[in-house]
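Engineer: Structure incoming, see below.
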Amino acid sequence: MKKPILFMTILLMTFSSIIAQEKLKTPPYLQVGDTIAIVAPAGILKDKQEIIEKAKQLAESWGLKVVLGKNLFNQNNHFSGTDYERCIDIQDALDNKNIKAIWAARGGYGSVRILDKLDFTKFKRNPKWIIGYSDITAFHNHIHTLGVESIHGMMGTSLTDELEDIIETVSSLKKAIFGDDLSYTIASSKYNRSVYSRIPFNAVEGQVIGGNLAILSSMLGSQSQLNTEDKILFIEEIGEYKYAIDRMLQSLKRAKYFTQVKAVIVGDMTKVKKNTTAWGSSIEQLILDVLPKDIPVLFDFPAGHELDNRALIFGRKIELTVGSDGQQSSIIFKK
């Protein structure tokens, strides 16, 4: 009886791996004349009307029509309106067939509070691009579990910076939403780990997933938790102590995030706070100490809370080459 049981176990593991790597739905790429909605699922937009107007004008310069959430500039304590008000704007955008993309005005905190109040039934039938980063990671994770791609990229409040200072940020978002070829070549960090003991080639292929480290950690144990098997995990963070970053990574490790992941891409680790008791190593070494030693790790990818915030299509298969010893690293998105 043991052989049939063993066969079924192997079959189930194989089936699970296939499901984990199943191609996600790609929302229709935007075309001139399409309509997008700018909504605020999290933090307040106090005194940011002018910035959101700049974001609207940018999208319009690409030939898009823009509608603003009815409750966009509301305020309820920490948030841009009550949970109910924020839900109304997002639900309307999710359900409206004429809206082809939902662009988050800003992050901050609050997306997780409304995630389970939303109905994604119509969205699953007619998927559209969800765009944002930081706290919007909650949406990226949940949407990934629904089998739909999304875009980790700049938000409306990114226009606080001058356009000439965020050329690559803006350009990469435009390419992503309009379906242009997307690839990046970057200088390699001395901390890169370009080992390929699990893969016999010089490049790793897999769906890229992830987002903000704190939000990834907060998704653990919920229906929005990611399946990282055979995936390439991207992480970024801002304003945390090193011990807090270690704690979040340890939580992901205990949840088996790194057990069968193919590679890890580390984006910006911005404004890391100094504790009175020194951690004793660099942030890069802290990360390397947590991750398995037999997977590639790419550092310094320009995405996160810095001016250069390149767009990533979450759920899309990429080809990742991790360079070392002066070699360049590259990411190529597959179609």
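FYI, nothing fancy with the structure tokens labels: chains A, B, ... in order, residues from 1 per chain, ligands from 1 as they appear.
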Quick one: DSSP strand (DSSP E or B) residues in segment 120-200 of chain A, as number ranges by chain?

Structural biologist: A: 129-132, 148, 150-152, 183-187, 193

Engineer: List every residue of segment 47-247 of chain A that DSSP, applied to the backbone of this structure, places in helix (DSSP H, G or I), and write the result as a PyMOL selection string.

Structural biologist: chain A and resi 49-61+83-95+111-117+121-125+134-145+156-160+163-165+167-178+213-218+242-247

Engineer: Could you list, as a list of chain:residue names, every residue within 10 Å of Val272 of chain A, counting only C-alpha atoms and ignoring same-chain residues fewer than 6 positions away?

Structural biologist: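 My list of contacting residues is A:Glu237, A:Ile238, A:Gly239, A:Glu240, A:Tyr241, A:Lys242, A:Ala244, A:Ile245, A:Ile283.
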
Engineer: Please produce a file of those selected residues containing N, CA and C atoms, as a PDB file, in the first residue's frame.

Structural biologist:
ATOM      1  N   GLU A 237      11.249  48.476   2.273  1.00  0.00           N
ATOM      2  CA  GLU A 237      10.764  48.978   3.555  1.00  0.00           C
ATOM      3  C   GLU A 237      11.239  50.408   3.784  1.00  0.00           C
ATOM      4  N   ILE A 238      10.567  51.079   4.716  1.00  0.00           N
ATOM      5  CA  ILE A 238      10.935  52.453   5.077  1.00  0.00           C
ATOM      6  C   ILE A 238      10.689  52.678   6.566  1.00  0.00           C
ATOM      7  N   GLY A 239      11.616  53.409   7.192  1.00  0.00           N
ATOM      8  CA  GLY A 239      11.408  53.933   8.540  1.00  0.00           C
ATOM      9  C   GLY A 239      11.347  52.904   9.645  1.00  0.00           C
ATOM     10  N   GLU A 240      12.031  51.776   9.484  1.00  0.00           N
ATOM     11  CA  GLU A 240      12.004  50.735  10.514  1.00  0.00           C
ATOM     12  C   GLU A 240      13.384  50.563  11.146  1.00  0.00           C
ATOM     13  N   TYR A 241      13.410  50.076  12.379  1.00  0.00           N
ATOM     14  CA  TYR A 241      14.661  49.674  13.009  1.00  0.00           C
ATOM     15  C   TYR A 241      15.127  48.347  12.404  1.00  0.00           C
ATOM     16  N   LYS A 242      16.426  48.100  12.485  1.00  0.00           N
ATOM     17  CA  LYS A 242      16.944  46.841  11.946  1.00  0.00           C
ATOM     18  C   LYS A 242      16.343  45.638  12.662  1.00  0.00           C
ATOM     19  N   ALA A 244      13.439  45.385  13.861  1.00  0.00           N
ATOM     20  CA  ALA A 244      12.071  45.202  13.373  1.00  0.00           C
ATOM     21  C   ALA A 244      12.073  44.536  12.000  1.00  0.00           C
ATOM     22  N   ILE A 245      13.030  44.931  11.158  1.00  0.00           N
ATOM     23  CA  ILE A 245      13.161  44.301   9.845  1.00  0.00           C
ATOM     24  C   ILE A 245      13.518  42.832  10.010  1.00  0.00           C
ATOM     25  N   ILE A 283      22.371  46.343   6.851  1.00  0.00           N
ATOM     26  CA  ILE A 283      21.036  45.846   6.548  1.00  0.00           C
ATOM     27  C   ILE A 283      21.112  44.709   5.537  1.00  0.00           C
TER      28      ILE A 283
END

Engineer: Show me, as a tab-separated table, the residues of segment 111-218 of chain A having an atom within 8 Å of segment 83-92 of chain A, each with the closest atom pair and its distance in Å, using only C-alpha atoms.

Structural biologist:
residue	atom	partner	partner_atom	distance
A:Arg113	CA	A:Asp83	CA	7.0
A:Ile114	CA	A:Asp83	CA	6.1
A:Lys117	CA	A:Cys87	CA	7.2
A:Leu118	CA	A:Gln91	CA	6.3
A:Asp119	CA	A:Gln91	CA	7.1

Engineer: Which residues are close to segment 323-334 of chain A, i.e. within 10 Å by only C-alpha atoms, leaving aside same-chain residues fewer than 3 positions away? Reply as an MDAnalysis selection string.

Structural biologist: chainID A and resid 176 181:195 202:208 296:299 301 312:313 316:320

Engineer: Using only C-alpha atoms, find the one residue out of A:Arg106, A:Lys70, A:Arg310, A:Lys23 that sits nearest to Lys48 of chain A.

Structural biologist: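 Looking only at the distances to Lys48 of chain A, the closest residue turns out to be A:Arg106.
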
Engineer: Just the residues within 12 Å of Asn77 of chain A, please, counting only C-alpha atoms, with nothing from its chain fewer than 2 positions along; format it as an mmCIF file with N, CA, C and O atoms, in the first residue's frame.

Structural biologist:
data_model
loop_
_atom_site.group_PDB
_atom_site.id
_atom_site.type_symbol
_atom_site.label_atom_id
_atom_site.label_comp_id
_atom_site.auth_asym_id
_atom_site.auth_seq_id
_atom_site.Cartn_x
_atom_site.Cartn_y
_atom_site.Cartn_z
ATOM 1 N N ALA A 42 -6.210 54.510 1.837
ATOM 2 C CA ALA A 42 -5.488 54.478 3.113
ATOM 3 C C ALA A 42 -5.366 55.867 3.731
ATOM 4 O O ALA A 42 -6.325 56.420 4.250
ATOM 5 N N GLY A 43 -4.158 56.459 3.676
ATOM 6 C CA GLY A 43 -3.871 57.689 4.394
ATOM 7 C C GLY A 43 -4.539 58.928 3.816
ATOM 8 O O GLY A 43 -4.972 58.950 2.660
ATOM 9 N N ILE A 44 -4.605 59.960 4.645
ATOM 10 C CA ILE A 44 -5.267 61.209 4.267
ATOM 11 C C ILE A 44 -4.472 61.955 3.199
ATOM 12 O O ILE A 44 -3.261 61.813 3.072
ATOM 13 N N LEU A 45 -5.207 62.788 2.449
ATOM 14 C CA LEU A 45 -4.607 63.604 1.396
ATOM 15 C C LEU A 45 -4.740 65.086 1.733
ATOM 16 O O LEU A 45 -4.968 65.914 0.868
ATOM 17 N N LYS A 46 -4.616 65.382 3.007
ATOM 18 C CA LYS A 46 -4.751 66.767 3.482
ATOM 19 C C LYS A 46 -3.772 67.676 2.739
ATOM 20 O O LYS A 46 -2.576 67.393 2.636
ATOM 21 N N ASN A 74 -11.622 63.354 1.731
ATOM 22 C CA ASN A 74 -12.220 63.298 3.066
ATOM 23 C C ASN A 74 -11.158 62.995 4.118
ATOM 24 O O ASN A 74 -10.040 62.566 3.796
ATOM 25 N N GLN A 75 -11.507 63.196 5.375
ATOM 26 C CA GLN A 75 -10.587 62.852 6.463
ATOM 27 C C GLN A 75 -11.373 62.274 7.630
ATOM 28 O O GLN A 75 -12.395 62.807 8.041
ATOM 29 N N PHE A 79 -7.191 58.522 8.479
ATOM 30 C CA PHE A 79 -7.504 57.996 7.156
ATOM 31 C C PHE A 79 -8.196 59.007 6.246
ATOM 32 O O PHE A 79 -8.744 60.005 6.697
ATOM 33 N N SER A 80 -8.178 58.688 4.955
ATOM 34 C CA SER A 80 -8.833 59.549 3.963
ATOM 35 C C SER A 80 -10.320 59.195 3.900
ATOM 36 O O SER A 80 -10.824 58.682 2.903
ATOM 37 N N GLY A 81 -11.009 59.452 4.974
ATOM 38 C CA GLY A 81 -12.412 59.101 5.097
ATOM 39 C C GLY A 81 -12.593 57.868 5.968
ATOM 40 O O GLY A 81 -11.626 57.192 6.332
ATOM 41 N N THR A 82 -13.818 57.595 6.326
ATOM 42 C CA THR A 82 -14.105 56.399 7.111
ATOM 43 C C THR A 82 -13.824 55.154 6.269
ATOM 44 O O THR A 82 -13.693 55.232 5.039
ATOM 45 N N ASP A 83 -13.774 54.006 6.932
ATOM 46 C CA ASP A 83 -13.604 52.764 6.187
ATOM 47 C C ASP A 83 -14.715 52.632 5.142
ATOM 48 O O ASP A 83 -14.467 52.209 4.001
ATOM 49 N N TYR A 109 -1.323 54.037 5.693
ATOM 50 C CA TYR A 109 -1.863 52.850 6.355
ATOM 51 C C TYR A 109 -3.374 52.868 6.251
ATOM 52 O O TYR A 109 -4.001 53.925 6.344
ATOM 53 N N GLY A 110 -3.978 51.702 6.045
ATOM 54 C CA GLY A 110 -5.424 51.615 6.059
ATOM 55 C C GLY A 110 -6.025 50.602 5.112
ATOM 56 O O GLY A 110 -7.180 50.208 5.277
#

Engineer: Give me the residues near Ile215 of chain A as a ChimeraX atom specification, where near means some atom within 10 Å (using only C-alpha atoms) and where sequence neighbours in that chain fewer than 2 positions away do not count.

Structural biologist: /A:109,111-112,134-139,141,210-213,217-220,237,248

Engineer: For the residues in the current selection, export all heavy atoms as a CSV table (one decimal), in the first residue's frame.

Structural biologist:
chain,number,residue,atom,x,y,z
A,109,TYR,N,-1.3,54.0,5.7
A,109,TYR,CA,-1.9,52.8,6.4
A,109,TYR,C,-3.4,52.9,6.3
A,109,TYR,O,-4.0,53.9,6.3
A,109,TYR,CB,-1.5,52.8,7.8
A,109,TYR,CG,-2.2,51.7,8.6
A,109,TYR,CD1,-2.0,50.4,8.3
A,109,TYR,CD2,-3.3,52.0,9.4
A,109,TYR,CE1,-2.7,49.4,8.9
A,109,TYR,CE2,-4.0,51.0,10.1
A,109,TYR,CZ,-3.7,49.7,9.8
A,109,TYR,OH,-4.4,48.7,10.4
A,111,SER,N,-5.3,50.2,4.1
A,111,SER,CA,-5.8,49.2,3.1
A,111,SER,C,-6.3,47.9,3.7
A,111,SER,O,-7.4,47.4,3.4
A,111,SER,CB,-4.8,48.9,2.0
A,111,SER,OG,-4.4,50.1,1.3
A,112,VAL,N,-5.6,47.4,4.7
A,112,VAL,CA,-6.0,46.1,5.3
A,112,VAL,C,-7.3,46.2,6.0
A,112,VAL,O,-8.1,45.2,6.2
A,112,VAL,CB,-4.9,45.6,6.3
A,112,VAL,CG1,-4.8,46.5,7.5
A,112,VAL,CG2,-5.1,44.2,6.7
A,134,SER,N,3.8,50.4,-1.3
A,134,SER,CA,3.8,50.6,0.1
A,134,SER,C,2.6,49.9,0.7
A,134,SER,O,2.4,48.7,0.6
A,134,SER,CB,3.8,52.1,0.4
A,134,SER,OG,4.1,52.3,1.8
A,135,ASP,N,1.7,50.7,1.3
A,135,ASP,CA,0.5,50.1,1.9
A,135,ASP,C,-0.4,49.3,0.9
A,135,ASP,O,-1.2,48.4,1.3
A,135,ASP,CB,-0.3,51.1,2.7
A,135,ASP,CG,-1.5,50.6,3.5
A,135,ASP,OD1,-1.2,49.9,4.5
A,135,ASP,OD2,-2.6,50.8,3.2
A,136,ILE,N,-0.3,49.7,-0.3
A,136,ILE,CA,-1.1,49.0,-1.4
A,136,ILE,C,-0.7,47.6,-1.6
A,136,ILE,O,-1.3,46.8,-2.3
A,136,ILE,CB,-1.0,49.9,-2.7
A,136,ILE,CG1,-1.3,51.3,-2.4
A,136,ILE,CG2,-2.0,49.4,-3.7
A,136,ILE,CD1,-2.6,51.6,-1.7
A,137,THR,N,0.4,47.2,-1.0
A,137,THR,CA,0.9,45.8,-0.9
A,137,THR,C,-0.3,44.9,-0.5
A,137,THR,O,-0.4,43.8,-1.0
A,137,THR,CB,2.1,45.6,0.0
A,137,THR,OG1,3.2,46.4,-0.6
A,137,THR,CG2,2.5,44.2,0.1
A,138,ALA,N,-1.1,45.4,0.4
A,138,ALA,CA,-2.3,44.6,0.9
A,138,ALA,C,-3.2,44.2,-0.3
A,138,ALA,O,-3.6,43.0,-0.4
A,138,ALA,CB,-3.1,45.3,1.9
A,139,PHE,N,-3.4,45.1,-1.2
A,139,PHE,CA,-4.2,44.8,-2.4
A,139,PHE,C,-3.4,43.9,-3.4
A,139,PHE,O,-4.0,43.0,-3.9
A,139,PHE,CB,-4.6,46.1,-3.1
A,139,PHE,CG,-5.7,46.8,-2.5
A,139,PHE,CD1,-5.6,47.8,-1.6
A,139,PHE,CD2,-7.0,46.5,-2.9
A,139,PHE,CE1,-6.7,48.5,-1.0
A,139,PHE,CE2,-8.1,47.1,-2.4
A,139,PHE,CZ,-8.0,48.1,-1.4
A,141,ASN,N,-1.2,41.7,-2.7
A,141,ASN,CA,-1.2,40.3,-2.2
A,141,ASN,C,-2.6,39.6,-2.4
A,141,ASN,O,-2.7,38.5,-2.9
A,141,ASN,CB,-0.9,40.3,-0.7
A,141,ASN,CG,0.6,40.4,-0.4
A,141,ASN,OD1,1.1,39.9,0.6
A,141,ASN,ND2,1.3,41.1,-1.3
A,210,GLY,N,5.3,40.2,-4.1
A,210,GLY,CA,5.8,40.8,-2.9
A,210,GLY,C,5.3,42.2,-2.6
A,210,GLY,O,4.1,42.5,-2.7
A,211,GLY,N,6.3,43.1,-2.1
A,211,GLY,CA,5.9,44.4,-1.8
A,211,GLY,C,6.6,44.9,-0.5
A,211,GLY,O,7.7,44.4,-0.1
A,212,ASN,N,5.8,45.7,0.2
A,212,ASN,CA,6.4,46.2,1.5
A,212,ASN,C,6.5,45.2,2.6
A,212,ASN,O,5.5,44.4,2.8
A,212,ASN,CB,5.4,47.4,2.0
A,212,ASN,CG,5.9,48.0,3.3
A,212,ASN,OD1,5.4,47.6,4.3
A,212,ASN,ND2,6.8,48.9,3.3
A,213,LEU,N,7.6,45.1,3.2
A,213,LEU,CA,7.9,44.0,4.2
A,213,LEU,C,6.9,44.0,5.3
A,213,LEU,O,6.4,42.9,5.7
A,213,LEU,CB,9.3,44.2,4.7
A,213,LEU,CG,9.9,43.1,5.6
A,213,LEU,CD1,9.8,41.7,4.9
A,213,LEU,CD2,11.3,43.4,5.9
A,217,SER,N,4.2,40.9,6.1
A,217,SER,CA,4.2,40.3,7.4
A,217,SER,C,2.8,40.3,8.0
A,217,SER,O,2.3,39.3,8.6
A,217,SER,CB,5.2,40.9,8.3
A,217,SER,OG,5.2,40.3,9.6
A,218,SER,N,2.1,41.4,7.8
A,218,SER,CA,0.7,41.6,8.3
A,218,SER,C,-0.3,40.7,7.6
A,218,SER,O,-1.4,40.4,8.1
A,218,SER,CB,0.3,43.0,8.3
A,218,SER,OG,-0.1,43.4,6.9
A,219,MET,N,0.0,40.2,6.4
A,219,MET,CA,-0.9,39.3,5.6
A,219,MET,C,-0.8,37.9,6.1
A,219,MET,O,-1.7,37.0,5.7
A,219,MET,CB,-0.5,39.4,4.1
A,219,MET,CG,-0.7,40.7,3.5
A,219,MET,SD,-2.5,41.2,3.3
A,219,MET,CE,-2.6,42.5,4.6
A,220,LEU,N,0.2,37.5,6.9
A,220,LEU,CA,0.4,36.1,7.3
A,220,LEU,C,-0.8,35.6,8.0
A,220,LEU,O,-1.4,36.3,8.9
A,220,LEU,CB,1.6,36.0,8.2
A,220,LEU,CG,3.0,36.3,7.5
A,220,LEU,CD1,4.1,36.2,8.5
A,220,LEU,CD2,3.2,35.4,6.3
A,237,GLU,N,11.2,48.5,2.3
A,237,GLU,CA,10.8,49.0,3.6
A,237,GLU,C,11.2,50.4,3.8
A,237,GLU,O,12.2,50.9,3.1
A,237,GLU,CB,11.2,48.1,4.7
A,237,GLU,CG,10.6,48.3,6.0
A,237,GLU,CD,9.1,48.3,5.9
A,237,GLU,OE1,8.4,47.3,6.0
A,237,GLU,OE2,8.6,49.5,5.8
A,248,MET,N,10.4,40.9,11.1
A,248,MET,CA,9.5,40.6,10.0
A,248,MET,C,10.0,39.5,9.1
A,248,MET,O,9.2,38.7,8.6
A,248,MET,CB,9.2,41.9,9.3
A,248,MET,CG,8.4,42.9,10.1
A,248,MET,SD,7.9,44.4,9.2
A,248,MET,CE,9.5,45.4,9.3
